[in-house]
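The structure under discussion appears below in the form of structure tokens.
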Amino acid sequence: MDVNFRTLDLNLLRVFDEVMAERSITRAARNLSMTQPAASNALRRLRQALGDELVRRAGLGLEPTPRALALWPVVRDALRHLEHSLAPAVFEPAEADNVFTLATADATAVELLPSVARRFASEAPGVSLRVVPLTTHDPRRLLAEEEVDLAVGYFPAVMADLTARAQAGEAMAFEAHRLYVGRYACVMRRGHPLARAPLTLDDYCAARHLLVSFSGRPWGFVDEALAAIGRQRRVVLTANQLFTAGRVVAGSDLLTVLPLHFVDMWGMGTDLVVHEPPLALPTIHVDVLWHRRLHGSPAHVWLRQVLAQAAQEALAHLPGQVQGAAEAAEPRPEGGEERSPAARRRTGRV
């Protein structure tokens with residue numbers, strides 16, 4: 001139906017934008033500092049003006065109509081341009097007292113945080129950073145509910161989802177940036193019976209293994225790769241931290257798979273022997289993920305720049321083991337150590 005733009009209340013578009021981003025009227029109302037009934041009424045008025053339902057109930061959330069999906073990118077970009085033009089925010093690191101929250105795993109934290117701490121001390125002494133454990137391969141709920149400002153880690157399913165949505169022309173509630181790309185290695189203690197010779201697939205499968213798994217499930221991407229060629233290994237121990245895995249392997253006859261750069265960065269190179277895995281394994285890609293509501297925030301932009309610089313400084317000490325985001329080839333969208341075959345089938349380029 002034709003819309004009379006001269007009489008349309010443009011405030012309704014702000015409500016529409018938040019509802020589309022959150023897929024929830026309640027969360028949209030909270031983001032806009034208004035009541036849930038007021039947000040519902042605004043959405044009702046916009047539905048009447050446009051002659052379209054815009055969103056429908058679907059499970060615990062809302063599902064946009066085709067008209068809403070087509071309209072949202074235009075509305076979102078227009079509102080963003082207006083916001084930046086009318087009320088440009090300013091962030092002065094030296095005067096700021098922001099408290100940021102970052103979700104990441106222990107291995108990534110040790111790579112990035114020394115540089116981040118130095119940058120905070122020199123440029124933003126009043127700014128603080130809280131680091132919380134990353135216990136999921138999909139932190140979008142944490143970001144949407146404002147539990148964290150950024151998540152840094154290995155998110156293959158999320159990145160595949162964002163890639164496909166972008167290719168389909170859909171507006172997305174999340175943004176991402178690749179920090180670096182690395183590779184996996186098989187490690188064992190010095191003095192292990194398999195340490196002196198090249199590691200064969202038969203010897204690898206016959207050995208006893210430690211698996212790094214957030215969930216504690218006794219299978220991962222290595223087991224999927226083995227199953228694809230009709231082989232299997234025996235996992236006798238799981239750990240939920242890479243540092244723990246490295247220390248256990250250094251004091252036992254277990255094998256494990258770790259990021260190659262992690263071994264040197266944690267100072268384990270003198271305790272462990274590194275072998276090329278005897279089968280093809282996915283590439284490690286570490287990404288930073290955030291909610292699009294913070295995309296243009298000067299404070300958030302500064303924090304993302306700090307993390308990117310920290311990643312580059314970490315890579316400089318490990319030539320040949322990892323690649324910066326600009327140098328890295330696009331990796332395959334494969335899962336981490338705790339993905340099941342069913343999860344792998346669900347992970348398309350979404």
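All residue names refer to the structure tokens as shown: chains lettered A, B, ... in order, residues numbered from 1 in each chain, ligands numbered from 1 in order.
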
Near stretch 22-26 of chain A, counting only C-alpha atoms, which residues have an atom at most 8 Å away, once you skip same-chain residues fewer than 2 positions from it, shown as a list in words?
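Contacts, with the query itself left out: Glu18, Val19, Met20, Ala28, Ala29, Arg30, Gln36, Ala39, Ser40, Gly61, Leu62, Glu63, Ala144 and Ala173 of chain A.
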
Give me the residues within 7 Å of A:Ala176 as a list in words, counting only C-alpha atoms and dropping any in the same chain fewer than 6 places off.
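In the requested form, the answer reads Asp287, Val288, Leu289 and Trp290 of chain A.
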
DSSP strand (DSSP E or B) selection over stretch 96-170 of chain A, as a ChimeraX atom specification:
/A:99-104,128-133,150-153

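Note that atom CA of A:Met34 and atom CA of A:Asp52 are 23.4 Å apart.
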
As a PyMOL selection string, list the residues of stretch 177-212 of chain A assigned to helix (DSSP H, G or I) by DSSP on the backbone atoms of this structure.
chain A and resi 201-206

Would you please work out which residue, of A:Leu210, A:Val263, A:Val222, A:Val286, is nearest to A:Val248 when using only C-alpha atoms?
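That would be A:Leu210, the residue with the smallest distance to A:Val248.
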
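The residue set within 9 Å of A:Arg76, counting only C-alpha atoms and dropping same-chain residues fewer than 5 places from it, reads Leu13, Arg14, Asp17, Leu71, His81 and Ala171 of chain A.
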
Put those residues in a file: all heavy atoms, as a PDB file, in the first residue's frame.
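Output saved as again.pdb:
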ATOM      1  N   LEU A  13      10.134   4.236  13.355  1.00  0.00           N
ATOM      2  CA  LEU A  13      11.213   3.526  12.674  1.00  0.00           C
ATOM      3  C   LEU A  13      12.317   3.124  13.644  1.00  0.00           C
ATOM      4  O   LEU A  13      12.984   2.103  13.452  1.00  0.00           O
ATOM      5  CB  LEU A  13      11.773   4.378  11.537  1.00  0.00           C
ATOM      6  CG  LEU A  13      10.779   4.743  10.425  1.00  0.00           C
ATOM      7  CD1 LEU A  13      11.459   5.590   9.366  1.00  0.00           C
ATOM      8  CD2 LEU A  13      10.175   3.481   9.815  1.00  0.00           C
ATOM      9  N   ARG A  14      12.536   3.917  14.676  1.00  0.00           N
ATOM     10  CA  ARG A  14      13.533   3.553  15.689  1.00  0.00           C
ATOM     11  C   ARG A  14      13.088   2.294  16.426  1.00  0.00           C
ATOM     12  O   ARG A  14      13.905   1.405  16.719  1.00  0.00           O
ATOM     13  CB  ARG A  14      13.741   4.703  16.675  1.00  0.00           C
ATOM     14  CG  ARG A  14      14.329   5.961  16.061  1.00  0.00           C
ATOM     15  CD  ARG A  14      14.526   7.054  17.095  1.00  0.00           C
ATOM     16  NE  ARG A  14      15.491   6.651  18.104  1.00  0.00           N
ATOM     17  CZ  ARG A  14      15.255   6.643  19.418  1.00  0.00           C
ATOM     18  NH1 ARG A  14      14.056   6.984  19.873  1.00  0.00           N
ATOM     19  NH2 ARG A  14      16.189   6.294  20.264  1.00  0.00           N
ATOM     20  N   ASP A  17      13.555  -0.661  14.077  1.00  0.00           N
ATOM     21  CA  ASP A  17      14.961  -1.031  13.959  1.00  0.00           C
ATOM     22  C   ASP A  17      15.401  -1.910  15.133  1.00  0.00           C
ATOM     23  O   ASP A  17      16.058  -2.938  14.951  1.00  0.00           O
ATOM     24  CB  ASP A  17      15.811   0.241  13.898  1.00  0.00           C
ATOM     25  CG  ASP A  17      17.290  -0.063  13.824  1.00  0.00           C
ATOM     26  OD1 ASP A  17      17.698  -0.873  12.970  1.00  0.00           O
ATOM     27  OD2 ASP A  17      18.059   0.489  14.630  1.00  0.00           O
ATOM     28  N   LEU A  71      12.938  -3.816   4.158  1.00  0.00           N
ATOM     29  CA  LEU A  71      12.922  -2.437   4.646  1.00  0.00           C
ATOM     30  C   LEU A  71      14.027  -2.166   5.653  1.00  0.00           C
ATOM     31  O   LEU A  71      14.568  -1.046   5.715  1.00  0.00           O
ATOM     32  CB  LEU A  71      11.551  -2.156   5.283  1.00  0.00           C
ATOM     33  CG  LEU A  71      11.299  -0.754   5.834  1.00  0.00           C
ATOM     34  CD1 LEU A  71      11.366   0.284   4.718  1.00  0.00           C
ATOM     35  CD2 LEU A  71       9.941  -0.715   6.532  1.00  0.00           C
ATOM     36  N   HIS A  81      23.163   7.092   9.960  1.00  0.00           N
ATOM     37  CA  HIS A  81      23.693   8.345   9.412  1.00  0.00           C
ATOM     38  C   HIS A  81      23.156   9.553  10.170  1.00  0.00           C
ATOM     39  O   HIS A  81      23.895  10.514  10.454  1.00  0.00           O
ATOM     40  CB  HIS A  81      23.337   8.458   7.928  1.00  0.00           C
ATOM     41  CG  HIS A  81      24.107   7.530   7.052  1.00  0.00           C
ATOM     42  ND1 HIS A  81      25.473   7.347   7.156  1.00  0.00           N
ATOM     43  CD2 HIS A  81      23.705   6.697   6.049  1.00  0.00           C
ATOM     44  CE1 HIS A  81      25.886   6.473   6.262  1.00  0.00           C
ATOM     45  NE2 HIS A  81      24.828   6.042   5.585  1.00  0.00           N
ATOM     46  N   ALA A 171      20.095  -7.768   6.661  1.00  0.00           N
ATOM     47  CA  ALA A 171      20.696  -6.938   7.693  1.00  0.00           C
ATOM     48  C   ALA A 171      21.004  -7.809   8.898  1.00  0.00           C
ATOM     49  O   ALA A 171      20.241  -8.708   9.244  1.00  0.00           O
ATOM     50  CB  ALA A 171      19.749  -5.806   8.087  1.00  0.00           C
TER      51      ALA A 171
END

Taking only residues of stretch 83-200 of chain A that have an atom at most 6 Å from an atom of stretch 275-284 of chain A, what is each one's shortest atom pair and its distance in Å to one decimal, using only C-alpha atoms, in chain and number order, as a tab-separated table?
residue	atom	partner	partner_atom	distance
A:Val181	CA	A:Ile284	CA	5.5
A:Gly182	CA	A:Ile284	CA	4.9
A:Arg183	CA	A:Thr283	CA	5.2
A:Ala185	CA	A:Glu276	CA	5.5
A:Cys186	CA	A:His275	CA	5.1
A:Thr200	CA	A:Pro278	CA	5.8

Could you write out the selected residues, including N, CA and C atoms, as a PDB file, in the first residue's frame?
ATOM      1  N   VAL A 181      44.945 -15.933  11.856  1.00  0.00           N
ATOM      2  CA  VAL A 181      44.721 -17.313  11.454  1.00  0.00           C
ATOM      3  C   VAL A 181      45.967 -18.116  11.809  1.00  0.00           C
ATOM      4  N   GLY A 182      45.771 -19.295  12.357  1.00  0.00           N
ATOM      5  CA  GLY A 182      46.890 -20.159  12.711  1.00  0.00           C
ATOM      6  C   GLY A 182      46.600 -21.597  12.332  1.00  0.00           C
ATOM      7  N   ARG A 183      47.425 -22.521  12.861  1.00  0.00           N
ATOM      8  CA  ARG A 183      47.233 -23.935  12.544  1.00  0.00           C
ATOM      9  C   ARG A 183      47.450 -24.788  13.780  1.00  0.00           C
ATOM     10  N   ALA A 185      48.772 -28.303  15.852  1.00  0.00           N
ATOM     11  CA  ALA A 185      49.887 -29.236  15.888  1.00  0.00           C
ATOM     12  C   ALA A 185      49.576 -30.331  16.902  1.00  0.00           C
ATOM     13  N   CYS A 186      50.142 -31.500  16.672  1.00  0.00           N
ATOM     14  CA  CYS A 186      50.054 -32.583  17.651  1.00  0.00           C
ATOM     15  C   CYS A 186      51.260 -32.480  18.574  1.00  0.00           C
ATOM     16  N   THR A 200      53.130 -41.234  12.360  1.00  0.00           N
ATOM     17  CA  THR A 200      52.281 -41.871  11.348  1.00  0.00           C
ATOM     18  C   THR A 200      50.839 -41.915  11.839  1.00  0.00           C
TER      19      THR A 200
END

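Taking atom CA of A:Pro73 as the reference point, atom CA of A:Glu170 is found at 7.5 Å.
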
Correct to one decimal, the distance atom CA of A:Arg130-atom CA of A:Pro93 is 16.9 Å

Report as an mmCIF file with all heavy atoms, in the first residue's frame all protein, DNA and RNA residues lying within 12 Å of stretch 5-9 of chain A, evaluated on only C-alpha atoms, omitting residues in the same chain fewer than 6 positions from it.
data_model
loop_
_atom_site.group_PDB
_atom_site.id
_atom_site.type_symbol
_atom_site.label_atom_id
_atom_site.label_comp_id
_atom_site.auth_asym_id
_atom_site.auth_seq_id
_atom_site.Cartn_x
_atom_site.Cartn_y
_atom_site.Cartn_z
ATOM 1 N N VAL A 15 11.791 2.216 16.731
ATOM 2 C CA VAL A 15 11.272 1.017 17.388
ATOM 3 C C VAL A 15 11.394 -0.183 16.450
ATOM 4 O O VAL A 15 11.829 -1.272 16.854
ATOM 5 C CB VAL A 15 9.810 1.229 17.816
ATOM 6 C CG1 VAL A 15 9.238 -0.058 18.415
ATOM 7 C CG2 VAL A 15 9.709 2.382 18.814
ATOM 8 N N PHE A 16 11.043 0.020 15.194
ATOM 9 C CA PHE A 16 11.154 -1.061 14.211
ATOM 10 C C PHE A 16 12.591 -1.562 14.111
ATOM 11 O O PHE A 16 12.840 -2.775 14.077
ATOM 12 C CB PHE A 16 10.670 -0.542 12.854
ATOM 13 C CG PHE A 16 10.965 -1.468 11.703
ATOM 14 C CD1 PHE A 16 10.263 -2.656 11.538
ATOM 15 C CD2 PHE A 16 11.954 -1.140 10.779
ATOM 16 C CE1 PHE A 16 10.536 -3.504 10.476
ATOM 17 C CE2 PHE A 16 12.231 -1.981 9.710
ATOM 18 C CZ PHE A 16 11.529 -3.169 9.560
ATOM 19 N N ALA A 42 3.830 1.260 19.358
ATOM 20 C CA ALA A 42 4.543 1.874 18.237
ATOM 21 C C ALA A 42 4.622 0.898 17.063
ATOM 22 O O ALA A 42 4.429 1.287 15.898
ATOM 23 C CB ALA A 42 5.938 2.291 18.684
ATOM 24 N N LEU A 43 4.883 -0.363 17.368
ATOM 25 C CA LEU A 43 4.945 -1.356 16.299
ATOM 26 C C LEU A 43 3.577 -1.521 15.643
ATOM 27 O O LEU A 43 3.474 -1.660 14.418
ATOM 28 C CB LEU A 43 5.443 -2.688 16.855
ATOM 29 C CG LEU A 43 5.674 -3.799 15.840
ATOM 30 C CD1 LEU A 43 6.739 -3.398 14.829
ATOM 31 C CD2 LEU A 43 6.074 -5.084 16.557
ATOM 32 N N ARG A 45 1.251 0.764 15.331
ATOM 33 C CA ARG A 45 1.000 1.933 14.486
ATOM 34 C C ARG A 45 1.780 1.841 13.176
ATOM 35 O O ARG A 45 1.273 2.211 12.117
ATOM 36 C CB ARG A 45 1.381 3.204 15.238
ATOM 37 C CG ARG A 45 0.459 3.531 16.416
ATOM 38 C CD ARG A 45 1.021 4.675 17.238
ATOM 39 N NE ARG A 45 1.253 5.857 16.413
ATOM 40 C CZ ARG A 45 2.075 6.849 16.765
ATOM 41 N NH1 ARG A 45 2.762 6.762 17.891
ATOM 42 N NH2 ARG A 45 2.234 7.889 15.966
ATOM 43 N N LEU A 46 3.012 1.337 13.237
ATOM 44 C CA LEU A 46 3.798 1.207 12.016
ATOM 45 C C LEU A 46 3.201 0.125 11.113
ATOM 46 O O LEU A 46 3.176 0.281 9.884
ATOM 47 C CB LEU A 46 5.253 0.869 12.359
ATOM 48 C CG LEU A 46 6.221 0.842 11.165
ATOM 49 C CD1 LEU A 46 6.281 2.210 10.497
ATOM 50 C CD2 LEU A 46 7.614 0.411 11.613
ATOM 51 N N ARG A 47 2.699 -0.934 11.714
ATOM 52 C CA ARG A 47 2.027 -1.967 10.915
ATOM 53 C C ARG A 47 0.846 -1.385 10.150
ATOM 54 O O ARG A 47 0.638 -1.667 8.964
ATOM 55 C CB ARG A 47 1.544 -3.098 11.828
ATOM 56 C CG ARG A 47 2.630 -4.049 12.292
ATOM 57 C CD ARG A 47 2.140 -4.918 13.423
ATOM 58 N NE ARG A 47 2.983 -6.074 13.658
ATOM 59 C CZ ARG A 47 2.968 -6.798 14.772
ATOM 60 N NH1 ARG A 47 2.124 -6.473 15.749
ATOM 61 N NH2 ARG A 47 3.769 -7.831 14.882
ATOM 62 N N GLN A 48 0.066 -0.552 10.840
ATOM 63 C CA GLN A 48 -1.096 0.058 10.192
ATOM 64 C C GLN A 48 -0.675 1.004 9.073
ATOM 65 O O GLN A 48 -1.295 1.035 8.004
ATOM 66 C CB GLN A 48 -1.928 0.815 11.234
ATOM 67 C CG GLN A 48 -2.608 -0.093 12.257
ATOM 68 C CD GLN A 48 -3.328 0.693 13.334
ATOM 69 O OE1 GLN A 48 -3.094 1.894 13.510
ATOM 70 N NE2 GLN A 48 -4.208 0.025 14.076
ATOM 71 N N ALA A 49 0.406 1.750 9.330
ATOM 72 C CA ALA A 49 0.853 2.719 8.327
ATOM 73 C C ALA A 49 1.397 2.031 7.086
ATOM 74 O O ALA A 49 1.193 2.511 5.958
ATOM 75 C CB ALA A 49 1.922 3.637 8.928
ATOM 76 N N LEU A 50 2.078 0.903 7.276
ATOM 77 C CA LEU A 50 2.704 0.213 6.147
ATOM 78 C C LEU A 50 1.828 -0.873 5.548
ATOM 79 O O LEU A 50 2.120 -1.387 4.463
ATOM 80 C CB LEU A 50 4.040 -0.402 6.589
ATOM 81 C CG LEU A 50 5.097 0.572 7.108
ATOM 82 C CD1 LEU A 50 6.363 -0.183 7.481
ATOM 83 C CD2 LEU A 50 5.409 1.652 6.076
#

Please identify every residue of stretch 120-159 of chain A that has at least one atom no farther than 10 Å from an atom of stretch 299-304 of chain A, counting only C-alpha atoms, and for each give the shortest atom pair and the distance in Å to one decimal, arranged by chain then increasing number, as a Markdown table.
| residue | atom | partner | partner_atom | distance |
| --- | --- | --- | --- | --- |
| A:Phe120 | CA | A:Leu303 | CA | 9.6 |
| A:Leu129 | CA | A:Leu303 | CA | 9.9 |
| A:Asp149 | CA | A:His300 | CA | 8.1 |
| A:Leu150 | CA | A:Arg304 | CA | 8.5 |

Please provide the set of residues having any atom within 9 Å of A:Ala195, restricted to only C-alpha atoms, with same-chain residues fewer than 6 positions apart removed, written as a list of chain:residue names.
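The residues satisfying every condition are A:Val187, A:Met188, A:Arg189, A:Val273, A:Val274, A:His275.
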
Convert the current residue selection to file output with C-alpha atoms, as a PDB file, in the first residue's frame.
ATOM      1  CA  VAL A 187      52.132 -32.344  20.840  1.00  0.00           C
ATOM      2  CA  MET A 188      53.608 -34.835  23.296  1.00  0.00           C
ATOM      3  CA  ARG A 189      56.184 -34.810  26.088  1.00  0.00           C
ATOM      4  CA  VAL A 273      57.662 -32.062  21.133  1.00  0.00           C
ATOM      5  CA  VAL A 274      55.630 -30.746  18.204  1.00  0.00           C
ATOM      6  CA  HIS A 275      54.603 -32.972  15.290  1.00  0.00           C
TER       7      HIS A 275
END

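In this comparison, which uses only C-alpha atoms, the residue of A:Leu226, A:Asp253, A:Phe243, A:Arg140 approaching A:Pro193 most closely is A:Asp253.
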
Find the residues near A:Gly246: any atom within 8 Å, counting only C-alpha atoms, skip ones fewer than 4 places away on the same chain, and give them as a PyMOL selection string.
chain A and resi 242+250+256+258+263+268
